[in-house]
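Engineer: Below is coords.pdb; it holds PDB, C-alpha atoms and all ligand atoms.
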```
ATOM      1  CA  ASP A 696      85.678 119.528 116.382  1.00  0.00           C
ATOM      2  CA  GLU A 697      87.530 116.336 115.499  1.00  0.00           C
ATOM      3  CA  GLU A 698      84.503 115.060 113.560  1.00  0.00           C
ATOM      4  CA  SER A 699      85.112 117.662 110.849  1.00  0.00           C
ATOM      5  CA  PRO A 700      88.802 117.681 110.015  1.00  0.00           C
ATOM      6  CA  GLN A 701      89.882 119.914 107.169  1.00  0.00           C
ATOM      7  CA  PRO A 702      92.265 118.898 104.394  1.00  0.00           C
ATOM      8  CA  SER A 703      95.353 120.995 103.839  1.00  0.00           C
ATOM      9  CA  SER A 704      94.486 121.175 100.155  1.00  0.00           C
ATOM     10  CA  SER A 705      91.373 119.825  98.458  1.00  0.00           C
ATOM     11  CA  SER A 706      92.138 120.997  94.947  1.00  0.00           C
ATOM     12  CA  SER A 707      92.362 117.565  93.353  1.00  0.00           C
ATOM     13  CA  ALA A 708      90.558 115.314  95.809  1.00  0.00           C
ATOM     14  CA  PRO A 709      88.412 112.720  94.021  1.00  0.00           C
ATOM     15  CA  LEU A 710      84.772 113.563  93.517  1.00  0.00           C
ATOM     16  CA  ASP A 711      82.544 112.178  96.264  1.00  0.00           C
ATOM     17  CA  SER A 712      85.520 111.493  98.483  1.00  0.00           C
ATOM     18  CA  HIS A 713      85.494 112.170 102.207  1.00  0.00           C
ATOM     19  CA  TYR A 714      88.440 113.733 103.920  1.00  0.00           C
ATOM     20  CA  ILE A 715      89.606 111.507 106.772  1.00  0.00           C
ATOM     21  CA  GLY A 716      92.702 113.273 108.051  1.00  0.00           C
ATOM     22  CA  ARG A 717      96.408 113.742 107.676  1.00  0.00           C
ATOM     23  CA  ARG A 718      98.293 110.550 106.913  1.00  0.00           C
ATOM     24  CA  GLU A 719     100.680 111.157 109.806  1.00  0.00           C
ATOM     25  CA  ASP A 720      97.766 111.406 112.238  1.00  0.00           C
ATOM     26  CA  ILE A 721      96.207 108.187 110.939  1.00  0.00           C
ATOM     27  CA  VAL A 722      99.566 106.419 111.145  1.00  0.00           C
ATOM     28  CA  ARG A 723      99.960 107.637 114.711  1.00  0.00           C
ATOM     29  CA  ALA A 724      96.439 106.608 115.711  1.00  0.00           C
ATOM     30  CA  GLY A 725      96.662 103.293 113.809  1.00  0.00           C
ATOM     31  CA  ARG A 726      92.888 103.218 113.408  1.00  0.00           C
ATOM     32  CA  VAL A 727      90.145 105.783 113.120  1.00  0.00           C
ATOM     33  CA  THR A 728      86.430 105.316 112.645  1.00  0.00           C
ATOM     34  CA  ARG A 729      84.221 107.772 110.797  1.00  0.00           C
ATOM     35  CA  GLN A 730      80.591 107.995 109.868  1.00  0.00           C
ATOM     36  CA  LEU A 731      80.559 109.016 106.213  1.00  0.00           C
ATOM     37  CA  ASN A 732      77.584 110.540 104.405  1.00  0.00           C
ATOM     38  CA  GLY A 733      75.830 110.425 107.771  1.00  0.00           C
ATOM     39  CA  CYS A 734      75.043 106.797 107.110  1.00  0.00           C
ATOM     40  CA  ARG A 735      78.064 104.561 106.866  1.00  0.00           C
ATOM     41  CA  ASP A 736      80.459 103.646 109.661  1.00  0.00           C
ATOM     42  CA  VAL A 737      83.873 103.046 108.199  1.00  0.00           C
ATOM     43  CA  LEU A 738      87.118 101.897 109.767  1.00  0.00           C
ATOM     44  CA  VAL A 739      90.253 103.468 108.333  1.00  0.00           C
ATOM     45  CA  LEU A 740      93.466 101.831 109.432  1.00  0.00           C
ATOM     46  CA  HIS A 741      97.164 101.940 108.792  1.00  0.00           C
ATOM     47  CA  HIS A 742      99.244  98.788 108.607  1.00  0.00           C
ATOM     48  CA  GLN A 743     102.822  98.452 107.350  1.00  0.00           C
ATOM     49  CA  GLY A 744     102.740 101.620 105.285  1.00  0.00           C
ATOM     50  CA  GLN A 745      99.358 100.994 103.715  1.00  0.00           C
ATOM     51  CA  ILE A 746      96.018 102.611 104.541  1.00  0.00           C
ATOM     52  CA  TYR A 747      92.822 100.574 104.226  1.00  0.00           C
ATOM     53  CA  ALA A 748      89.143 101.437 104.602  1.00  0.00           C
ATOM     54  CA  LEU A 749      86.349  98.982 105.226  1.00  0.00           C
ATOM     55  CA  ASP A 750      82.956  98.756 106.863  1.00  0.00           C
ATOM     56  CA  MET A 751      83.436  98.997 110.588  1.00  0.00           C
ATOM     57  CA  ARG A 752      81.153  96.163 111.716  1.00  0.00           C
ATOM     58  CA  CYS A 753      81.960  92.559 110.871  1.00  0.00           C
ATOM     59  CA  TYR A 754      79.732  90.836 108.300  1.00  0.00           C
ATOM     60  CA  HIS A 755      79.173  87.862 110.585  1.00  0.00           C
ATOM     61  CA  ALA A 756      77.323  89.457 113.489  1.00  0.00           C
ATOM     62  CA  GLY A 757      78.376  93.081 113.631  1.00  0.00           C
ATOM     63  CA  GLY A 758      81.525  92.880 115.766  1.00  0.00           C
ATOM     64  CA  GLY A 759      83.613  96.044 115.903  1.00  0.00           C
ATOM     65  CA  LEU A 760      86.573  95.447 113.613  1.00  0.00           C
ATOM     66  CA  GLN A 761      88.358  98.499 115.016  1.00  0.00           C
ATOM     67  CA  HIS A 762      89.353  96.213 117.911  1.00  0.00           C
ATOM     68  CA  GLY A 763      90.595  93.351 115.732  1.00  0.00           C
ATOM     69  CA  ASP A 764      94.181  92.118 115.380  1.00  0.00           C
ATOM     70  CA  ILE A 765      95.860  92.081 112.003  1.00  0.00           C
ATOM     71  CA  GLU A 766      97.470  88.821 110.936  1.00  0.00           C
ATOM     72  CA  GLU A 767      98.596  87.161 107.739  1.00  0.00           C
ATOM     73  CA  PHE A 768      96.899  83.967 106.546  1.00  0.00           C
ATOM     74  CA  ASN A 769      98.252  82.253 103.473  1.00  0.00           C
ATOM     75  CA  GLY A 770     100.142  85.422 102.611  1.00  0.00           C
ATOM     76  CA  ARG A 771      97.056  87.628 102.844  1.00  0.00           C
ATOM     77  CA  LEU A 772      96.694  90.375 105.420  1.00  0.00           C
ATOM     78  CA  CYS A 773      93.503  89.977 107.396  1.00  0.00           C
ATOM     79  CA  ILE A 774      91.758  91.695 110.236  1.00  0.00           C
ATOM     80  CA  VAL A 775      90.581  89.177 112.802  1.00  0.00           C
ATOM     81  CA  CYS A 776      87.201  90.065 114.261  1.00  0.00           C
ATOM     82  CA  PRO A 777      87.411  90.204 118.051  1.00  0.00           C
ATOM     83  CA  TRP A 778      84.003  88.543 118.491  1.00  0.00           C
ATOM     84  CA  HIS A 779      84.272  85.130 116.798  1.00  0.00           C
ATOM     85  CA  LYS A 780      87.668  85.439 115.110  1.00  0.00           C
ATOM     86  CA  TYR A 781      86.477  85.543 111.521  1.00  0.00           C
ATOM     87  CA  LYS A 782      89.292  86.581 109.203  1.00  0.00           C
ATOM     88  CA  ILE A 783      88.683  89.266 106.596  1.00  0.00           C
ATOM     89  CA  THR A 784      91.245  90.362 104.003  1.00  0.00           C
ATOM     90  CA  LEU A 785      92.064  94.017 104.408  1.00  0.00           C
ATOM     91  CA  ALA A 786      92.433  94.804 100.738  1.00  0.00           C
ATOM     92  CA  GLU A 787      89.366  93.000  99.344  1.00  0.00           C
ATOM     93  CA  GLY A 788      87.047  92.238 102.261  1.00  0.00           C
ATOM     94  CA  GLU A 789      87.082  88.517 101.539  1.00  0.00           C
ATOM     95  CA  GLY A 790      86.097  86.108 104.267  1.00  0.00           C
ATOM     96  CA  MET A 791      88.809  83.467 104.764  1.00  0.00           C
ATOM     97  CA  TYR A 792      88.258  79.991 106.170  1.00  0.00           C
ATOM     98  CA  GLN A 793      90.257  76.836 106.669  1.00  0.00           C
ATOM     99  CA  ALA A 794      89.084  74.071 104.397  1.00  0.00           C
ATOM    100  CA  VAL A 795      89.957  70.414 104.930  1.00  0.00           C
ATOM    101  CA  ASP A 796      91.751  69.036 101.859  1.00  0.00           C
ATOM    102  CA  ASN A 797      90.559  65.475 102.124  1.00  0.00           C
ATOM    103  CA  PRO A 798      88.564  64.327 105.163  1.00  0.00           C
ATOM    104  CA  THR A 799      89.653  60.699 104.739  1.00  0.00           C
ATOM    105  CA  VAL A 800      93.372  61.455 105.031  1.00  0.00           C
ATOM    106  CA  ARG A 801      94.866  61.639 108.550  1.00  0.00           C
ATOM    107  CA  PRO A 802      96.254  63.827 109.924  1.00  0.00           C
ATOM    108  CA  LEU A 803      93.791  66.285 108.437  1.00  0.00           C
ATOM    109  CA  LYS A 804      95.376  68.911 106.250  1.00  0.00           C
ATOM    110  CA  THR A 805      93.739  72.283 105.912  1.00  0.00           C
ATOM    111  CA  GLN A 806      94.133  75.170 103.519  1.00  0.00           C
ATOM    112  CA  TRP A 807      93.024  78.747 103.696  1.00  0.00           C
ATOM    113  CA  ARG A 808      90.293  79.473 101.174  1.00  0.00           C
ATOM    114  CA  SER A 809      88.180  82.484 100.355  1.00  0.00           C
ATOM    115  CA  LYS A 810      84.415  82.686 100.811  1.00  0.00           C
ATOM    116  CA  GLY A 811      84.359  85.671  98.462  1.00  0.00           C
ATOM    117  CA  VAL A 812      83.774  89.305  99.338  1.00  0.00           C
ATOM    118  CA  LYS A 813      81.801  89.584 102.572  1.00  0.00           C
ATOM    119  CA  GLN A 814      82.935  92.934 103.933  1.00  0.00           C
ATOM    120  CA  ARG A 815      82.549  96.105 101.879  1.00  0.00           C
ATOM    121  CA  VAL A 816      85.900  97.812 101.372  1.00  0.00           C
ATOM    122  CA  HIS A 817      86.230 101.426 100.292  1.00  0.00           C
ATOM    123  CA  GLN A 818      88.733 103.263  98.167  1.00  0.00           C
ATOM    124  CA  VAL A 819      91.537 105.177  99.839  1.00  0.00           C
ATOM    125  CA  THR A 820      93.232 108.092  98.080  1.00  0.00           C
ATOM    126  CA  GLU A 821      96.268 109.939  99.403  1.00  0.00           C
ATOM    127  CA  LEU A 822      97.102 113.434  98.184  1.00  0.00           C
ATOM    128  CA  SER A 823      99.940 115.507  99.602  1.00  0.00           C
ATOM    129  CA  GLY A 824      99.687 113.762 102.945  1.00  0.00           C
ATOM    130  CA  ASP A 825      95.900 114.012 103.111  1.00  0.00           C
ATOM    131  CA  VAL A 826      93.825 110.824 103.204  1.00  0.00           C
ATOM    132  CA  TYR A 827      90.415 110.550 101.545  1.00  0.00           C
ATOM    133  CA  VAL A 828      87.943 107.700 101.359  1.00  0.00           C
ATOM    134  CA  THR A 829      85.478 107.187  98.528  1.00  0.00           C
ATOM    135  CA  LEU A 830      82.588 104.940  99.509  1.00  0.00           C
ATOM    136  CA  ASN A 831      82.167 101.818  97.443  1.00  0.00           C
ATOM    137  CA  THR A 832      78.604 102.093  96.132  1.00  0.00           C
ATOM    138  CA  SER A 833      78.587  98.998  93.943  1.00  0.00           C
ATOM    139  CA  PRO A 834      75.003  97.703  93.808  1.00  0.00           C
ATOM    140  CA  GLU A 835      75.541  94.065  94.765  1.00  0.00           C
ATOM    141  CA  ASP A 836      74.617  92.984  98.257  1.00  0.00           C
ATOM    142  CA  ILE A 837      77.633  92.538 100.464  1.00  0.00           C
ATOM    143  CA  GLU A 838      76.984  90.866 103.782  1.00  0.00           C
ATOM    144  CA  SER A 839      78.453  93.661 105.891  1.00  0.00           C
ATOM    145  CA  ASP A 840      75.785  96.033 104.481  1.00  0.00           C
ATOM    146  CA  ARG A 841      73.190  94.728 106.902  1.00  0.00           C
ATOM    147  CA  TYR A 842      75.122  96.185 109.850  1.00  0.00           C
ATOM    148  CA  GLN A 843      74.905  99.665 108.375  1.00  0.00           C
ATOM    149  CA  THR A 844      71.231 100.026 109.209  1.00  0.00           C
ATOM    150  CA  ASP A 845      69.750 102.322 111.872  1.00  0.00           C
ATOM    151  CA  LYS A 846      69.735  99.490 114.349  1.00  0.00           C
ATOM    152  CA  TYR A 847      73.526  99.250 114.401  1.00  0.00           C
ATOM    153  CA  ARG A 848      74.620 102.665 113.254  1.00  0.00           C
ATOM    154  CA  THR A 849      76.183 105.014 115.755  1.00  0.00           C
ATOM    155  CA  LYS A 850      73.995 108.055 116.249  1.00  0.00           C
ATOM    156  CA  PRO A 851      74.959 111.001 114.031  1.00  0.00           C
ATOM    157  CA  ASN A 852      76.570 113.838 115.880  1.00  0.00           C
ATOM    158  CA  THR A 853      73.733 116.351 116.098  1.00  0.00           C
ATOM    159  CA  SER A 854      75.363 118.859 118.405  1.00  0.00           C
TER     160      SER A 854
HETATM  161 FE1  LIG B   1      82.820  89.077 113.678  1.00  0.00          FE
HETATM  162 FE2  LIG B   1      81.336  87.097 114.611  1.00  0.00          FE
HETATM  163  S1  LIG B   1      80.901  89.196 114.611  1.00  0.00           S
HETATM  164  S2  LIG B   1      83.304  87.009 113.815  1.00  0.00           S
END
```
Can the structure from this file be put into structure tokens for me?
Structural biologist:
Amino acid sequence: DEESPQPSSSSSAPLDSHYIGRREDIVRAGRVTRQLNGCRDVLVLHHQGQIYALDMRCYHAGGGLQHGDIEEFNGRLCIVCPWHKYKITLAEGEGMYQAVDNPTVRPLKTQWRSKGVKQRVHQVTELSGDVYVTLNTSPEDIESDRYQTDKYRTKPNTS
């Protein structure tokens, strides 16, 4: 059952962490999605040697980030939501937007700015080639939380 992968060694995995899979398998797949704790859909992805975990559905309107391209904006790696092209930093979950420096100066010059954290990102731990994710349970509201309700959640695997 690929929904219940087993770590090769769980001796020192962080408390409350969820085993995702072997690093080599995640690198090969590029992206995997998992429902953790039976209630949170998380995208785990590999990019340029680094593994990231974040809420699977975009904070804007719930687009599936597992289908997004990864691009750099102003030196920050972002996933670009396939629905309306919002850019979200992989490491922090910040929404990025292009701000106009001075609207009276032509041609208009824009700069990438952050809207702050909009997408909940989760902690990734690697141990002996095993990858674990610890859910970020910080109490503040993060906009992507609203797409983790029953309405949007994939049905738990009951078989
Ligand atoms: Fe992601 Fe709109 S749903 S940009």
Engineer: Could the residues that lie within 9 Å of ligand LIG 1 (chain B), counting only C-alpha atoms and all ligand atoms, be listed as a ChimeraX atom specification?
Structural biologist: /A:752-760,775-782
Engineer: Applying 12 Å and all atoms listed in the file, which residues near A:Gly770 remain after dropping the ones on its own chain fewer than 5 positions away? List them as number ranges by chain.
Structural biologist: A: 784-785, 791, 806-808
Engineer: Could you name the residues that touch stretch 832-849 of chain A at 9 Å or less, counting only C-alpha atoms, but leaving out those on the same chain fewer than 2 positions away, as a ChimeraX atom specification?
Structural biologist: /A:730,734-736,750-757,812-815,817,829-830,851-852
Engineer: Between atom CA of A:Asp764 and atom CA of A:Pro702, what distance in Å does the model show, to one decimal?
Structural biologist: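 Atom CA of A:Pro702 lies 29.0 Å from atom CA of A:Asp764.
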Engineer: Report, in Å to a single decimal, how far apart atom CA of A:Tyr827 and atom CA of A:Gly790 are.
Structural biologist: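 So the two atoms, atom CA of A:Gly790 and atom CA of A:Tyr827, lie 25.0 Å apart.
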Engineer: Quick one: distance from atom CA of A:Thr728 to atom CA of A:Leu772 in Å, one decimal?
Structural biologist: 19.5 Å
Engineer: Name the residues that the PyMOL selection byres (((chain A and resi 707) around 12) and not hetatm) picks from the file above, as number ranges by chain, using the file's chain letters and numbers.
Structural biologist: A: 702-706, 708-712, 714, 820-823, 825, 827
Engineer: My list of candidates is A:Val819, A:Ile721, A:Ala748, A:Leu738. Which is closest to A:His762 when distances are computed with all atoms listed in the file?
Structural biologist: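 Of the candidates, the smallest distance to A:His762 is held by A:Leu738.
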Engineer: How would you write, as a PDB file with C-alpha atoms, keeping the file's coordinate frame, the residues chosen by the PyMOL selection byres (((chain A and resi 744) around 12) and not hetatm) on this structure?
Structural biologist:
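Saved to selection_29.pdb:
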```
ATOM      1  CA  ARG A 718      98.293 110.550 106.913  1.00  0.00           C
ATOM      2  CA  GLU A 719     100.680 111.157 109.806  1.00  0.00           C
ATOM      3  CA  ILE A 721      96.207 108.187 110.939  1.00  0.00           C
ATOM      4  CA  VAL A 722      99.566 106.419 111.145  1.00  0.00           C
ATOM      5  CA  ARG A 723      99.960 107.637 114.711  1.00  0.00           C
ATOM      6  CA  GLY A 725      96.662 103.293 113.809  1.00  0.00           C
ATOM      7  CA  LEU A 740      93.466 101.831 109.432  1.00  0.00           C
ATOM      8  CA  HIS A 741      97.164 101.940 108.792  1.00  0.00           C
ATOM      9  CA  HIS A 742      99.244  98.788 108.607  1.00  0.00           C
ATOM     10  CA  GLN A 743     102.822  98.452 107.350  1.00  0.00           C
ATOM     11  CA  GLN A 745      99.358 100.994 103.715  1.00  0.00           C
ATOM     12  CA  ILE A 746      96.018 102.611 104.541  1.00  0.00           C
ATOM     13  CA  TYR A 747      92.822 100.574 104.226  1.00  0.00           C
TER      14      TYR A 747
END
```
Engineer: In terms of the shortest atom-to-atom distance over only C-alpha atoms, which of A:Arg801, A:Arg717, A:Arg771, A:Lys810 is closest to A:Glu789?
Structural biologist: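 Looking at the shortest contact to A:Glu789, the residue is A:Lys810.
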Engineer: When distances are computed from only C-alpha atoms, which of A:Asn769, A:Gln761, A:Asn797, A:Ser809 shows the smallest separation from A:Arg726?
Structural biologist: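 When distances to A:Arg726 are compared using only C-alpha atoms, the smallest one comes from A:Gln761.
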